[in-house]
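**Student:** Sending over a structure as structure tokens; questions will come in a sec.
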Amino acid sequence: MLSDIEIAQAAELLPVKEIAGKLGITEEEFEPYGHDKAKLNEKLYQRMADCKEGKLILVTAINPTPAGEGKTTVSVGLGQAMAKIGKKAVLALREPSLGPVFGIKGGAAGGGYAQVVPMEDINLHFTGDIHAITAANNLLCALLDNHIQQGNALKIDTRRILFKRCLDMNDRALRNIVIGLGGKMNGVPREDSFQITVASEVMAILCLASDLEDLKKRLGNILVAWSLENTPIYAKDLQAEGAMTALLKDALKPNLVQTLEHTPVLIHGGPFANIAHGCNSVRATKLALKLGDYCITEAGFGSDLGAEKFFDIKCRYAGLKPSCVVLVATVRALKYNGGVEKAALAEPDLQALKKGIVNLGVHIENMQKYHVPVVVAINRFHTDTEEELAFIADYCQENYNVQTSLCEVFAKGGAGGTDLAEKVCQIADNQESAFEVLYSTELSLKEKIQTIAKEIYRADGVDFQPKALKSLKEIEELGFGNLPVCIAKTQYSLSDDPKKLGKPEQFRITVSDMRVSAGAGFVVVLTGDIMTMPGLPKSPAALKIDCDTQGNISGLF
């Protein structure tokens, strides 16, 4: 079979004008970025304001292997399959980060014959949104350090600066640095650090903002530091929000592209789900709901991370009500959760599958706690045996009365997902979703964290380290105790230990620190050894990527 990039490069793309035309978007309502990409502007939002919304379908997954389990591939394939059965669906997905693209996990444009194109553009610079977020973030950092250099009228305590610089790349050497060295003219020396752009608060703000006015307000509310007099310093105190908004005004517009089968896709925003809230933008999702009869969106990693945050943060703030959850599972991920080493996942092992299947059970139960109907999509790999596939289907039916669908969109495109599409439509159209969030924001921060740890992770309890308790006290004293929480945790386990696979028992969650993202509107809770600046693996994907003299890219998956 051809590689992902070979399939994508061989595809015949429709001009973006035709993709827009499928959705009734006029030329005045989109701004072309070349022949096959466009941004959707405010004129479209104004015209669609009172239009009826379609059904919201969330695609999530079980705990994955390090290579991921094809959640985006299933999302894209489901969108293509909807068209095959005569349904009008619009996809709303996240933008890929360069960190995973050049690291180990790969891109986020799908795979095989279920891809979003042009995949090279989408996985690399695309329309510049993530670059704009990086620039806005680092402008705030530059203004902060310049303020200190120019006399420090706000009396900022250089030992208590909270806001970090960012870069959209895995670069562990930037986790902890010292800046301002080289003499008086080069700034005030202090410790600093970088995080990956997709984990930044600016990324979260862009994804949760409703319009430019809301964006500017949220940017101004970023808590950047404490003063020597123990008062909070916000971005608006540095008068930074105006210039930051100027950098982000175009990035706030969702991007329109297409699948290999010309299904319309809105790709916008890209926060990680293990260290951020893991969902595409509210603006793109709401627009997709008005443009199609079904909006298919995804939430990063397993449902313990992405889906929980999608429900408890994004849906809470945006007033969204999902009609159906598609839970992606693979034979190999369940065997991985059953203790099989990554190198041996292609080998048949029904016993390991039986041991790891409990992970799927937990995720089904967790989604049912939000009172949304669930269908399990078994993303088929060519190494899967009929016995293994049948076991998963029987397990779901016998234990949870949940339908399954064998999904072959990677190899067959939309045709390999028509059964899934029909089941999703049947559920969304005929079963009433009684969606409700897991917890009330009236609970204390500790109670919210404990609720998620107990109900979603199945932990026995939560241990707060002294640094976390100090941060919690400061956050509550600032008046942010009523915000939802965004827990940063490993994606490989329901626990905060990536080695505890399957359904861990008799464990506790350790909270190492907390920080408020006042602009985004949630409190970030750091657990275990989670880091907000990843590193590259021993053999990064970047080593296989090349570009010839004609500008043709190879090795990109």
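By convention in this document, the chains of the structure tokens carry letters A, B, ... by their order, each chain's residues are numbered from 1, and ligands are numbered from 1 in the order they are shown.
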Excluding Ala209 in chain A and any residue of its chain fewer than 6 positions from it, enumerate the residues within 12 Å of it, using only C-alpha atoms, and give them as a VMD selection string.
**Tutor:** chain A and resid 201 to 203 215 to 219 245 248 to 249 251 to 253 269 280 to 286 314 317 to 318 519 to 521
**Student:** What's the 8 Å shell around His363 in chain A, counting only C-alpha atoms, without same-chain residues fewer than 3 positions away, as a PyMOL selection string?
**Tutor:** chain A and resi 61-62+303-304+327+359-360+366-367
**Student:** Let's see if you can do this: from backbone DSSP, list all strand (DSSP E) residues in range 135-193 of chain A, as a PDB file with N, CA and C atoms, in the first residue's frame.
**Tutor:**
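Ended up saving to out-v2.pdb:
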```pdb
ATOM      1  N   ILE A 156       7.252  44.165  39.469  1.00  0.00           N
ATOM      2  CA  ILE A 156       7.129  42.730  39.209  1.00  0.00           C
ATOM      3  C   ILE A 156       8.253  41.985  39.921  1.00  0.00           C
ATOM      4  N   ASP A 157       7.877  40.924  40.615  1.00  0.00           N
ATOM      5  CA  ASP A 157       8.846  40.080  41.304  1.00  0.00           C
ATOM      6  C   ASP A 157       9.402  39.082  40.279  1.00  0.00           C
ATOM      7  N   THR A 158      10.669  39.248  39.915  1.00  0.00           N
ATOM      8  CA  THR A 158      11.259  38.389  38.875  1.00  0.00           C
ATOM      9  C   THR A 158      11.357  36.929  39.298  1.00  0.00           C
ATOM     10  N   ARG A 159      11.166  36.665  40.590  1.00  0.00           N
ATOM     11  CA  ARG A 159      11.186  35.279  41.070  1.00  0.00           C
ATOM     12  C   ARG A 159       9.818  34.624  40.960  1.00  0.00           C
ATOM     13  N   ARG A 160       8.806  35.427  40.627  1.00  0.00           N
ATOM     14  CA  ARG A 160       7.436  34.893  40.608  1.00  0.00           C
ATOM     15  C   ARG A 160       6.732  35.223  39.284  1.00  0.00           C
ATOM     16  N   ILE A 161       7.466  35.067  38.204  1.00  0.00           N
ATOM     17  CA  ILE A 161       6.878  35.228  36.881  1.00  0.00           C
ATOM     18  C   ILE A 161       6.294  33.890  36.442  1.00  0.00           C
ATOM     19  N   ARG A 165       7.535  31.463  27.844  1.00  0.00           N
ATOM     20  CA  ARG A 165       7.716  31.552  26.402  1.00  0.00           C
ATOM     21  C   ARG A 165       7.297  30.227  25.771  1.00  0.00           C
ATOM     22  N   CYS A 166       7.108  30.215  24.455  1.00  0.00           N
ATOM     23  CA  CYS A 166       6.682  28.971  23.814  1.00  0.00           C
ATOM     24  C   CYS A 166       7.320  28.818  22.436  1.00  0.00           C
ATOM     25  N   LEU A 167       7.306  27.592  21.974  1.00  0.00           N
ATOM     26  CA  LEU A 167       7.834  27.216  20.665  1.00  0.00           C
ATOM     27  C   LEU A 167       7.097  25.961  20.225  1.00  0.00           C
ATOM     28  N   ILE A 177      15.731  27.490  31.453  1.00  0.00           N
ATOM     29  CA  ILE A 177      16.811  28.308  30.918  1.00  0.00           C
ATOM     30  C   ILE A 177      17.054  29.527  31.801  1.00  0.00           C
ATOM     31  N   VAL A 178      18.127  30.260  31.517  1.00  0.00           N
ATOM     32  CA  VAL A 178      18.403  31.545  32.164  1.00  0.00           C
ATOM     33  C   VAL A 178      18.494  32.588  31.063  1.00  0.00           C
ATOM     34  N   ILE A 179      17.786  33.699  31.224  1.00  0.00           N
ATOM     35  CA  ILE A 179      17.792  34.763  30.226  1.00  0.00           C
ATOM     36  C   ILE A 179      18.382  36.045  30.817  1.00  0.00           C
ATOM     37  N   ARG A 190      17.269  36.245  34.845  1.00  0.00           N
ATOM     38  CA  ARG A 190      16.306  35.475  35.639  1.00  0.00           C
ATOM     39  C   ARG A 190      16.127  34.105  35.025  1.00  0.00           C
ATOM     40  N   GLU A 191      15.581  33.205  35.800  1.00  0.00           N
ATOM     41  CA  GLU A 191      15.235  31.881  35.281  1.00  0.00           C
ATOM     42  C   GLU A 191      13.964  31.982  34.453  1.00  0.00           C
ATOM     43  N   ASP A 192      13.896  31.204  33.401  1.00  0.00           N
ATOM     44  CA  ASP A 192      12.719  31.189  32.545  1.00  0.00           C
ATOM     45  C   ASP A 192      12.548  29.774  32.005  1.00  0.00           C
TER      46      ASP A 192
END
```
**Student:** Would you mind listing what lies within 8 Å of range 24-29 of chain A as a count of residues only, with only C-alpha atoms counted and same-chain residues fewer than 4 positions away left out?
**Tutor:** 7
**Student:** As a PDB file with N, CA, C and O atoms, in the first residue's frame, please: the residues near Asp237 in chain A (cut-off 12 Å, only C-alpha atoms, same-chain neighbours under 3 positions excluded).
**Tutor:**
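To be explicit, this is the file written out as out30.pdb:
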```
ATOM      1  N   LEU A 140       4.055  38.950  24.521  1.00  0.00           N
ATOM      2  CA  LEU A 140       3.726  39.222  25.920  1.00  0.00           C
ATOM      3  C   LEU A 140       4.953  39.029  26.809  1.00  0.00           C
ATOM      4  O   LEU A 140       5.215  39.836  27.710  1.00  0.00           O
ATOM      5  N   LEU A 143       7.280  41.999  26.253  1.00  0.00           N
ATOM      6  CA  LEU A 143       6.779  43.198  26.913  1.00  0.00           C
ATOM      7  C   LEU A 143       6.989  43.122  28.423  1.00  0.00           C
ATOM      8  O   LEU A 143       7.300  44.128  29.065  1.00  0.00           O
ATOM      9  N   LEU A 144       6.819  41.941  28.960  1.00  0.00           N
ATOM     10  CA  LEU A 144       7.028  41.741  30.399  1.00  0.00           C
ATOM     11  C   LEU A 144       8.480  42.014  30.786  1.00  0.00           C
ATOM     12  O   LEU A 144       8.758  42.776  31.718  1.00  0.00           O
ATOM     13  N   HIS A 147       9.380  45.675  30.379  1.00  0.00           N
ATOM     14  CA  HIS A 147       8.848  46.476  31.487  1.00  0.00           C
ATOM     15  C   HIS A 147       9.797  46.443  32.693  1.00  0.00           C
ATOM     16  O   HIS A 147      10.065  47.471  33.323  1.00  0.00           O
ATOM     17  N   ASN A 152      10.535  48.901  35.800  1.00  0.00           N
ATOM     18  CA  ASN A 152       9.657  48.023  36.585  1.00  0.00           C
ATOM     19  C   ASN A 152       8.663  48.799  37.450  1.00  0.00           C
ATOM     20  O   ASN A 152       8.606  48.639  38.671  1.00  0.00           O
ATOM     21  N   ALA A 153       7.864  49.638  36.784  1.00  0.00           N
ATOM     22  CA  ALA A 153       6.881  50.452  37.503  1.00  0.00           C
ATOM     23  C   ALA A 153       5.847  49.604  38.247  1.00  0.00           C
ATOM     24  O   ALA A 153       5.314  50.021  39.278  1.00  0.00           O
ATOM     25  N   LEU A 154       5.575  48.415  37.740  1.00  0.00           N
ATOM     26  CA  LEU A 154       4.598  47.529  38.400  1.00  0.00           C
ATOM     27  C   LEU A 154       5.213  46.708  39.534  1.00  0.00           C
ATOM     28  O   LEU A 154       4.515  45.934  40.193  1.00  0.00           O
ATOM     29  N   LYS A 155       6.510  46.896  39.753  1.00  0.00           N
ATOM     30  CA  LYS A 155       7.224  46.179  40.818  1.00  0.00           C
ATOM     31  C   LYS A 155       7.069  44.663  40.689  1.00  0.00           C
ATOM     32  O   LYS A 155       6.776  43.947  41.661  1.00  0.00           O
ATOM     33  N   ILE A 156       7.252  44.165  39.469  1.00  0.00           N
ATOM     34  CA  ILE A 156       7.129  42.730  39.209  1.00  0.00           C
ATOM     35  C   ILE A 156       8.253  41.985  39.921  1.00  0.00           C
ATOM     36  O   ILE A 156       9.423  42.369  39.839  1.00  0.00           O
ATOM     37  N   LEU A 219      -7.276  37.637  26.516  1.00  0.00           N
ATOM     38  CA  LEU A 219      -5.833  37.862  26.496  1.00  0.00           C
ATOM     39  C   LEU A 219      -5.416  38.818  27.614  1.00  0.00           C
ATOM     40  O   LEU A 219      -4.396  38.628  28.274  1.00  0.00           O
ATOM     41  N   GLY A 220      -6.216  39.843  27.830  1.00  0.00           N
ATOM     42  CA  GLY A 220      -5.913  40.786  28.894  1.00  0.00           C
ATOM     43  C   GLY A 220      -5.966  40.176  30.274  1.00  0.00           C
ATOM     44  O   GLY A 220      -5.295  40.644  31.209  1.00  0.00           O
ATOM     45  N   ASN A 221      -6.746  39.101  30.420  1.00  0.00           N
ATOM     46  CA  ASN A 221      -6.916  38.457  31.733  1.00  0.00           C
ATOM     47  C   ASN A 221      -5.861  37.394  32.040  1.00  0.00           C
ATOM     48  O   ASN A 221      -5.947  36.719  33.072  1.00  0.00           O
ATOM     49  N   ILE A 222      -4.871  37.229  31.171  1.00  0.00           N
ATOM     50  CA  ILE A 222      -3.802  36.266  31.450  1.00  0.00           C
ATOM     51  C   ILE A 222      -3.014  36.720  32.676  1.00  0.00           C
ATOM     52  O   ILE A 222      -2.519  37.855  32.728  1.00  0.00           O
ATOM     53  N   LEU A 223      -2.906  35.854  33.661  1.00  0.00           N
ATOM     54  CA  LEU A 223      -2.101  36.141  34.855  1.00  0.00           C
ATOM     55  C   LEU A 223      -0.646  35.854  34.522  1.00  0.00           C
ATOM     56  O   LEU A 223      -0.286  34.711  34.251  1.00  0.00           O
ATOM     57  N   VAL A 224       0.198  36.901  34.542  1.00  0.00           N
ATOM     58  CA  VAL A 224       1.575  36.724  34.087  1.00  0.00           C
ATOM     59  C   VAL A 224       2.592  36.665  35.225  1.00  0.00           C
ATOM     60  O   VAL A 224       3.655  36.056  35.082  1.00  0.00           O
ATOM     61  N   ALA A 225       2.290  37.298  36.356  1.00  0.00           N
ATOM     62  CA  ALA A 225       3.297  37.358  37.423  1.00  0.00           C
ATOM     63  C   ALA A 225       2.669  37.881  38.710  1.00  0.00           C
ATOM     64  O   ALA A 225       1.478  38.239  38.750  1.00  0.00           O
ATOM     65  N   TRP A 226       3.490  37.921  39.736  1.00  0.00           N
ATOM     66  CA  TRP A 226       3.122  38.550  41.010  1.00  0.00           C
ATOM     67  C   TRP A 226       4.084  39.714  41.257  1.00  0.00           C
ATOM     68  O   TRP A 226       5.239  39.684  40.828  1.00  0.00           O
ATOM     69  N   SER A 227       3.587  40.716  41.954  1.00  0.00           N
ATOM     70  CA  SER A 227       4.438  41.859  42.275  1.00  0.00           C
ATOM     71  C   SER A 227       5.163  41.616  43.593  1.00  0.00           C
ATOM     72  O   SER A 227       4.846  40.676  44.346  1.00  0.00           O
ATOM     73  N   THR A 231       0.694  41.349  44.736  1.00  0.00           N
ATOM     74  CA  THR A 231      -0.518  41.588  43.970  1.00  0.00           C
ATOM     75  C   THR A 231      -0.364  40.928  42.595  1.00  0.00           C
ATOM     76  O   THR A 231       0.742  40.870  42.047  1.00  0.00           O
ATOM     77  N   PRO A 232      -1.464  40.433  42.010  1.00  0.00           N
ATOM     78  CA  PRO A 232      -1.375  39.776  40.702  1.00  0.00           C
ATOM     79  C   PRO A 232      -1.135  40.779  39.579  1.00  0.00           C
ATOM     80  O   PRO A 232      -1.669  41.893  39.592  1.00  0.00           O
ATOM     81  N   ILE A 233      -0.334  40.383  38.603  1.00  0.00           N
ATOM     82  CA  ILE A 233      -0.069  41.201  37.427  1.00  0.00           C
ATOM     83  C   ILE A 233      -0.658  40.475  36.213  1.00  0.00           C
ATOM     84  O   ILE A 233      -0.304  39.319  35.944  1.00  0.00           O
ATOM     85  N   TYR A 234      -1.543  41.141  35.493  1.00  0.00           N
ATOM     86  CA  TYR A 234      -2.189  40.566  34.327  1.00  0.00           C
ATOM     87  C   TYR A 234      -1.631  41.184  33.040  1.00  0.00           C
ATOM     88  O   TYR A 234      -1.014  42.257  33.067  1.00  0.00           O
ATOM     89  N   ALA A 240      -0.835  44.735  26.932  1.00  0.00           N
ATOM     90  CA  ALA A 240      -0.371  43.827  25.879  1.00  0.00           C
ATOM     91  C   ALA A 240      -1.486  43.286  24.998  1.00  0.00           C
ATOM     92  O   ALA A 240      -1.230  42.826  23.876  1.00  0.00           O
ATOM     93  N   GLU A 241      -2.728  43.340  25.471  1.00  0.00           N
ATOM     94  CA  GLU A 241      -3.790  42.616  24.788  1.00  0.00           C
ATOM     95  C   GLU A 241      -4.104  43.154  23.392  1.00  0.00           C
ATOM     96  O   GLU A 241      -4.504  42.400  22.505  1.00  0.00           O
ATOM     97  N   GLY A 242      -3.946  44.454  23.188  1.00  0.00           N
ATOM     98  CA  GLY A 242      -4.242  45.035  21.874  1.00  0.00           C
ATOM     99  C   GLY A 242      -3.326  44.509  20.785  1.00  0.00           C
ATOM    100  O   GLY A 242      -3.781  44.052  19.734  1.00  0.00           O
TER     101      GLY A 242
END
```
**Student:** Please list as a PyMOL selection string every residue within 9 Å of range 409-424 of chain A, counting only C-alpha atoms and excluding residues in the same chain fewer than 6 positions away.
**Tutor:** chain A and resi 1+57+70+73-74+76-85+110-115+260-261+324-326+374-377+379-381+403
**Student:** Counting only C-alpha atoms, which residues of range 478-509 of chain A sit at most 10 Å from some atom of range 65-68 of chain A, and what is each one's closest atom pair with its distance in Å to one decimal, listed by chain and rising residue number, as CSV?
**Tutor:**
```
residue,atom,partner,partner_atom,distance
A:Gln491,CA,A:Pro66,CA,9.0
A:Tyr492,CA,A:Thr65,CA,6.9
A:Ser493,CA,A:Thr65,CA,9.9
```
**Student:** To one decimal place in Å, what is the distance between CA of Ser75 in chain A and CA of Leu58 in chain A?
**Tutor:**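 Computed distance, CA of Ser75 in chain A to CA of Leu58 in chain A, equals 8.8 Å.
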**Student:** Quote the spacing between CA of Thr527 in chain A and CA of His371 in chain A in Å to one decimal place.
**Tutor:**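 Interatomic distance here is 27.2 Å.
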**Student:** Report as a PyMOL selection string all protein, DNA and RNA residues lying within 10 Å of Pro498 in chain A, evaluated on only C-alpha atoms, omitting residues in the same chain fewer than 6 positions from it.
**Tutor:** chain A and resi 489-492+528-530
**Student:** Which of these, A:Leu23, A:Ile427, A:Ala273, A:Leu438, has the shortest distance to Cys315 in chain A once you count only C-alpha atoms?
**Tutor:**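 Closest candidate: A:Leu438.
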**Student:** Do you know which residues are at most 6 Å from range 502-510 of chain A counting only C-alpha atoms, after dropping those on the same chain fewer than 3 positions away, and could you put them as an MDAnalysis selection string?
**Tutor:** chainID A and resid 337 356 358:359 459:463 527:528
**Student:** Can I get the selected residues back with C-alpha atoms, as a short mmCIF file (atom, residue, chain, number, x, y, z; two decimals), in the first residue's frame?
**Tutor:**
```cif
data_model
loop_
_atom_site.label_atom_id
_atom_site.label_comp_id
_atom_site.auth_asym_id
_atom_site.auth_seq_id
_atom_site.Cartn_x
_atom_site.Cartn_y
_atom_site.Cartn_z
CA ASN A 337 -3.03 -2.44 27.64
CA GLY A 356 -6.50 -5.46 28.17
CA VAL A 358 -11.01 -3.83 30.61
CA ASN A 359 -9.53 -0.54 29.39
CA ALA A 459 -8.23 6.44 41.59
CA ASP A 460 -8.51 5.77 45.32
CA GLY A 461 -7.74 9.41 46.07
CA VAL A 462 -5.60 12.45 45.32
CA ASP A 463 -2.38 13.56 47.02
CA THR A 527 -0.04 15.41 37.82
CA GLY A 528 2.75 12.85 37.96
#
```
